[in-house]
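One structure is given below, encoded as structure tokens.
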Amino acid sequence: MQRVLIPVDGSRNSEFAVRQVVNEFLKDSAMEVHLLNVQPRLSQHVAQFVSRRNRDDWHRDQAEKALAPARKLLEQHGVPHAASYKLGERAKTIVDEARRLRCSRIVMATARKNTLTRMLQDSTTNRVLELTQVPVEVIAGDEVSRLERWGLPAGISALIALLVASAD
């Protein structure tokens, strides 16, 4: 039986990974599906003013909101699953959970981004690929916005032009 981990964050893109697993399950139901939401820890500066109970409640509420669309999709198609949330750094927590659950693979979706954007952003997908020994299936999500497609390269080109002009 295949054990699959799907990290979800409540975004439209994470639904692409869930839909992929649903389609596979409909072809072969010998699959154990685990949903995981990773919540970042609150900074110490914020945490010192909030009780532990309130922090735990807040994290649980945020995780439930993020997991709800994925759960709904799996339940609509009769896919049995388990869902959990963890606190920590996203990529490391995903890798640790996949190892702990002895998953056959991780299925995660990512927004379509250009190479330059991926280099400059801290991509959870790239970090998971670097850290894990478990096979990762990356599902392409929505296309990037026009701002990301044109604005970032234009901004970097303008910065380079300013640096070259100031060097003269």
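If you're wondering about the labels, chains in the structure tokens are A, B, ... by order shown, residues count from 1 in each chain, ligands from 1 in order shown.
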
**OP:** Would you list the contacts of Arg90 of chain A as a count of residues only, taking every protein, DNA or RNA residue within 8 Å and counting only C-alpha atoms, but skipping same-chain residues closer than 4 positions in sequence?
**Re:** 5

Subject >> Contact residues around His77 of chain A with only C-alpha atoms at 10 Å, ignoring same-chain residues under 3 positions, as a PyMOL selection string >> reply: chain A and resi 19+22-23+25-26+72-74+80

**OP:** Any chance you could list, as an NGL selection string, the residues in segment 26-90 of chain A that come up alpha helix (DSSP H) when DSSP is run on the backbone?
**Re:** :A and (26-27 or 44-47 or 52-76 or 90)

**OP:** Any chance you could list, as a ChimeraX atom specification, the residues in chain A that come up strand (DSSP E or B) when DSSP is run on the backbone?
**Re:** /A:2-7,31-39,81-87,105-110,136-140
